[in-house]
Every structure is written in structure tokens, then in C-alpha cells.
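Asks: Here it is, the structure, as C-alpha cells.
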Amino acid sequence: METTQVQLDTSIGYVLKRAAAALRASMDVALRPLSLSVPQYSCLELLGQRPGLSAAELARGAFVTRQSMHAVLHGLEQRGLLARPATARRGRAMPSELTPAGRELLTAASRVVAEVERTMVASLPPGDQRHLWSTLAACADALASAPRPD
């Protein structure tokens, strides 16, 4: 039986993972002076754009487990950056919202993350940047809608 190995020098998945790892490392460095991790920043950004998301929704949006998101939410709440009700209004979901301090920190964090992204694509002309975005979005959509083996 013949096996086929992925050629790392031409693998789209491998170069995509390299780019994602480099982006994450750069974001870690940029957010450190604000005492934020990437998952914490992601949580703030999601809540800034969609107030009231539940922990499960935030976990999906930030690409972390629900258990990890609960720790993120607890830490942000302890720092006074978000507020959650003491009890759920419906079911078990406890929607979170940014406090004024959370919105202020999000503004600063969004600036540093935007600068990381600008650095990442600085060598690409604007048309190529838009094409990269649409191509990556199409790849993600294709995998999300692909049938999964049982």
C-alpha cells in the first residue's frame, strides 16, 4: 500500500497554520502590555460587537472550549471589564456585557490588533488583501459545509 505524504513546501494547510501561529504570537506580544490574552481580547471584541452573548456563544466565536471561556469570563469579570447577571433570565445562559472599563480596554486592544493585521498584510497590495480575505472565507465556508464522516 502506497502512502502519500503532504509536501510541506506546497501545502496550503501547512502555510495557513504557519500564518495563524505567527498571527497568534504577534497578537500575544501586542496584547501583553494591556494584560490581555488572545482569548480575552476575542471575548471583549465579540461582546463589543454583539452584547449579551452567552458563554457557549463566546466560546464558539473565540475558538476555545466552554470550560476555557468560563475561566476567561471569570477573569474579565474580576477585573471589572464585563458584567453578567447573578442568575440566568431564561434557561441556563447568562449573557455578558462590557462595562465602561471593558469598552475602554477594548478600544485600545482593537487598535493594537489592527496594527498586527496591518503588519501581516503590509506587503500585499489592497486588491490582494481583499482577495486573500475572500479566498480564506471561501475555504472556511467550504469546510464548514462539507459532509463529515460518521
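In the C-alpha cells, chains take letters A, B, ... by order of appearance, with residues numbered from 1 within each chain and ligands from 1 in the order shown.
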As a ChimeraX atom specification, please: the residues near Cys139 of chain A (cut-off 12 Å, only C-alpha atoms, same-chain neighbours under 6 positions excluded).
Replies: /A:12-13,16,132-133,145-146
Asks: Do a neighbour search on Val112 of chain A at 9 Å with only C-alpha atoms, toss out local chain neighbours closer than 5 positions, and write the hits as a PyMOL selection string.
Replies: chain A and resi 27+30-31+117
Asks: Can you spit out the residues from that selection as a PDB file, in the first residue's frame, using C-alpha atoms?
Replies:
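The result, written out as part-v8.pdb:
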ATOM      1  CA  MET A  27      -1.137  39.258  18.944  1.00  0.00           C
ATOM      2  CA  ALA A  30       0.937  43.186  21.232  1.00  0.00           C
ATOM      3  CA  LEU A  31      -1.763  42.477  23.857  1.00  0.00           C
ATOM      4  CA  GLU A 117      -3.041  42.702  10.985  1.00  0.00           C
TER       5      GLU A 117
END
Asks: List every residue of chain A that DSSP, applied to the backbone of this structure, places in alpha helix (DSSP H), and write the result as number ranges by chain.
Replies: A: 12-31, 38-49, 55-62, 66-78, 100-121, 126-145
Asks: Can those selected residues be exported to a file as an mmCIF file, in the first residue's frame so that it contains C-alpha atoms?
Replies:
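For reference, selection-v5.cif as written:
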data_model
loop_
_atom_site.group_PDB
_atom_site.id
_atom_site.type_symbol
_atom_site.label_atom_id
_atom_site.label_comp_id
_atom_site.auth_asym_id
_atom_site.auth_seq_id
_atom_site.Cartn_x
_atom_site.Cartn_y
_atom_site.Cartn_z
ATOM 1 C CA ILE A 12 -1.882 25.242 1.752
ATOM 2 C CA GLY A 13 -2.922 23.873 5.133
ATOM 3 C CA TYR A 14 0.626 23.999 6.444
ATOM 4 C CA VAL A 15 1.290 27.566 5.318
ATOM 5 C CA LEU A 16 -2.105 28.595 6.679
ATOM 6 C CA LYS A 17 -1.212 27.070 10.051
ATOM 7 C CA ARG A 18 2.166 28.884 9.958
ATOM 8 C CA ALA A 19 0.362 32.171 9.280
ATOM 9 C CA ALA A 20 -2.147 31.514 12.072
ATOM 10 C CA ALA A 21 0.640 30.674 14.532
ATOM 11 C CA ALA A 22 2.598 33.800 13.557
ATOM 12 C CA LEU A 23 -0.544 35.935 13.901
ATOM 13 C CA ARG A 24 -1.313 34.460 17.321
ATOM 14 C CA ALA A 25 2.258 35.018 18.535
ATOM 15 C CA SER A 26 2.233 38.631 17.313
ATOM 16 C CA MET A 27 -1.137 39.258 18.944
ATOM 17 C CA ASP A 28 0.138 37.757 22.213
ATOM 18 C CA VAL A 29 3.075 40.186 22.207
ATOM 19 C CA ALA A 30 0.937 43.186 21.232
ATOM 20 C CA LEU A 31 -1.763 42.477 23.857
ATOM 21 C CA VAL A 38 -5.836 36.467 22.765
ATOM 22 C CA PRO A 39 -8.917 34.607 24.095
ATOM 23 C CA GLN A 40 -9.643 37.505 26.477
ATOM 24 C CA TYR A 41 -9.320 40.010 23.635
ATOM 25 C CA SER A 42 -11.537 37.838 21.426
ATOM 26 C CA CYS A 43 -14.173 37.732 24.146
ATOM 27 C CA LEU A 44 -14.089 41.525 24.558
ATOM 28 C CA GLU A 45 -14.273 42.047 20.785
ATOM 29 C CA LEU A 46 -17.217 39.683 20.421
ATOM 30 C CA LEU A 47 -19.085 41.343 23.280
ATOM 31 C CA GLY A 48 -18.268 44.779 21.908
ATOM 32 C CA GLN A 49 -19.934 43.851 18.641
ATOM 33 C CA ALA A 55 -20.583 31.734 27.377
ATOM 34 C CA ALA A 56 -21.257 28.991 24.822
ATOM 35 C CA GLU A 57 -21.653 31.532 22.011
ATOM 36 C CA LEU A 58 -18.488 33.325 23.098
ATOM 37 C CA ALA A 59 -16.562 30.039 23.208
ATOM 38 C CA ARG A 60 -17.593 29.213 19.635
ATOM 39 C CA GLY A 61 -16.724 32.713 18.444
ATOM 40 C CA ALA A 62 -13.333 32.731 20.170
ATOM 41 C CA ARG A 66 -16.676 26.282 27.015
ATOM 42 C CA GLN A 67 -14.591 25.454 30.065
ATOM 43 C CA SER A 68 -11.826 27.801 28.879
ATOM 44 C CA MET A 69 -14.370 30.526 28.155
ATOM 45 C CA HIS A 70 -15.792 30.269 31.663
ATOM 46 C CA ALA A 71 -12.286 30.930 33.027
ATOM 47 C CA VAL A 72 -11.854 33.853 30.604
ATOM 48 C CA LEU A 73 -15.208 35.329 31.623
ATOM 49 C CA HIS A 74 -14.457 34.935 35.314
ATOM 50 C CA GLY A 75 -11.100 36.702 34.922
ATOM 51 C CA LEU A 76 -12.581 39.567 32.910
ATOM 52 C CA GLU A 77 -15.419 39.912 35.387
ATOM 53 C CA GLN A 78 -12.955 40.009 38.306
ATOM 54 C CA PRO A 100 -17.282 51.108 30.581
ATOM 55 C CA ALA A 101 -13.788 49.922 31.605
ATOM 56 C CA GLY A 102 -14.188 46.935 29.294
ATOM 57 C CA ARG A 103 -15.174 49.163 26.371
ATOM 58 C CA GLU A 104 -12.189 51.419 27.047
ATOM 59 C CA LEU A 105 -9.759 48.500 27.122
ATOM 60 C CA LEU A 106 -11.359 47.024 24.003
ATOM 61 C CA THR A 107 -10.723 50.272 22.120
ATOM 62 C CA ALA A 108 -7.010 50.090 22.963
ATOM 63 C CA ALA A 109 -6.804 46.354 22.246
ATOM 64 C CA SER A 110 -8.590 46.713 18.899
ATOM 65 C CA ARG A 111 -6.016 49.313 17.856
ATOM 66 C CA VAL A 112 -3.040 47.064 18.625
ATOM 67 C CA VAL A 113 -4.626 44.039 16.947
ATOM 68 C CA ALA A 114 -5.459 46.100 13.855
ATOM 69 C CA GLU A 115 -1.801 47.149 13.719
ATOM 70 C CA VAL A 116 -0.715 43.486 13.886
ATOM 71 C CA GLU A 117 -3.041 42.702 10.985
ATOM 72 C CA ARG A 118 -1.753 45.700 9.002
ATOM 73 C CA THR A 119 1.794 44.461 9.537
ATOM 74 C CA MET A 120 0.813 40.966 8.433
ATOM 75 C CA VAL A 121 -0.567 42.138 5.076
ATOM 76 C CA PRO A 126 -5.033 46.378 -1.273
ATOM 77 C CA GLY A 127 -6.645 44.296 -4.038
ATOM 78 C CA ASP A 128 -4.628 41.263 -2.958
ATOM 79 C CA GLN A 129 -5.637 41.869 0.662
ATOM 80 C CA ARG A 130 -9.339 41.772 -0.302
ATOM 81 C CA HIS A 131 -8.712 38.685 -2.452
ATOM 82 C CA LEU A 132 -6.895 36.950 0.423
ATOM 83 C CA TRP A 133 -9.807 37.679 2.748
ATOM 84 C CA SER A 134 -12.432 36.398 0.311
ATOM 85 C CA THR A 135 -10.371 33.303 -0.555
ATOM 86 C CA LEU A 136 -9.829 32.378 3.097
ATOM 87 C CA ALA A 137 -13.515 32.977 3.853
ATOM 88 C CA ALA A 138 -14.472 30.709 0.930
ATOM 89 C CA CYS A 139 -12.122 27.993 2.221
ATOM 90 C CA ALA A 140 -13.641 28.190 5.713
ATOM 91 C CA ASP A 141 -17.176 28.096 4.284
ATOM 92 C CA ALA A 142 -16.336 25.082 2.104
ATOM 93 C CA LEU A 143 -15.042 23.088 5.064
ATOM 94 C CA ALA A 144 -17.924 24.167 7.297
ATOM 95 C CA SER A 145 -20.482 22.916 4.775
#
Asks: Could you give me, as a PyMOL selection string, the residues within 9 Å of Pro95 of chain A, counting only C-alpha atoms and dropping anything in the same chain fewer than 3 positions from it?
Replies: chain A and resi 51-55+83-85+88-89
Asks: Just give me the gap between atom CA of Leu124 of chain A and atom CA of Phe63 of chain A in Å, one decimal is fine.
Replies: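 Those two atoms sit 26.9 Å apart.
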Asks: As a list in words, please: every residue in chain A that DSSP puts in strand (DSSP E or B).
Replies: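 Selection result, strand (DSSP E or B) within chain A: Leu82, Ala83, Arg90, Ala93, Glu97 and Leu98 of chain A.
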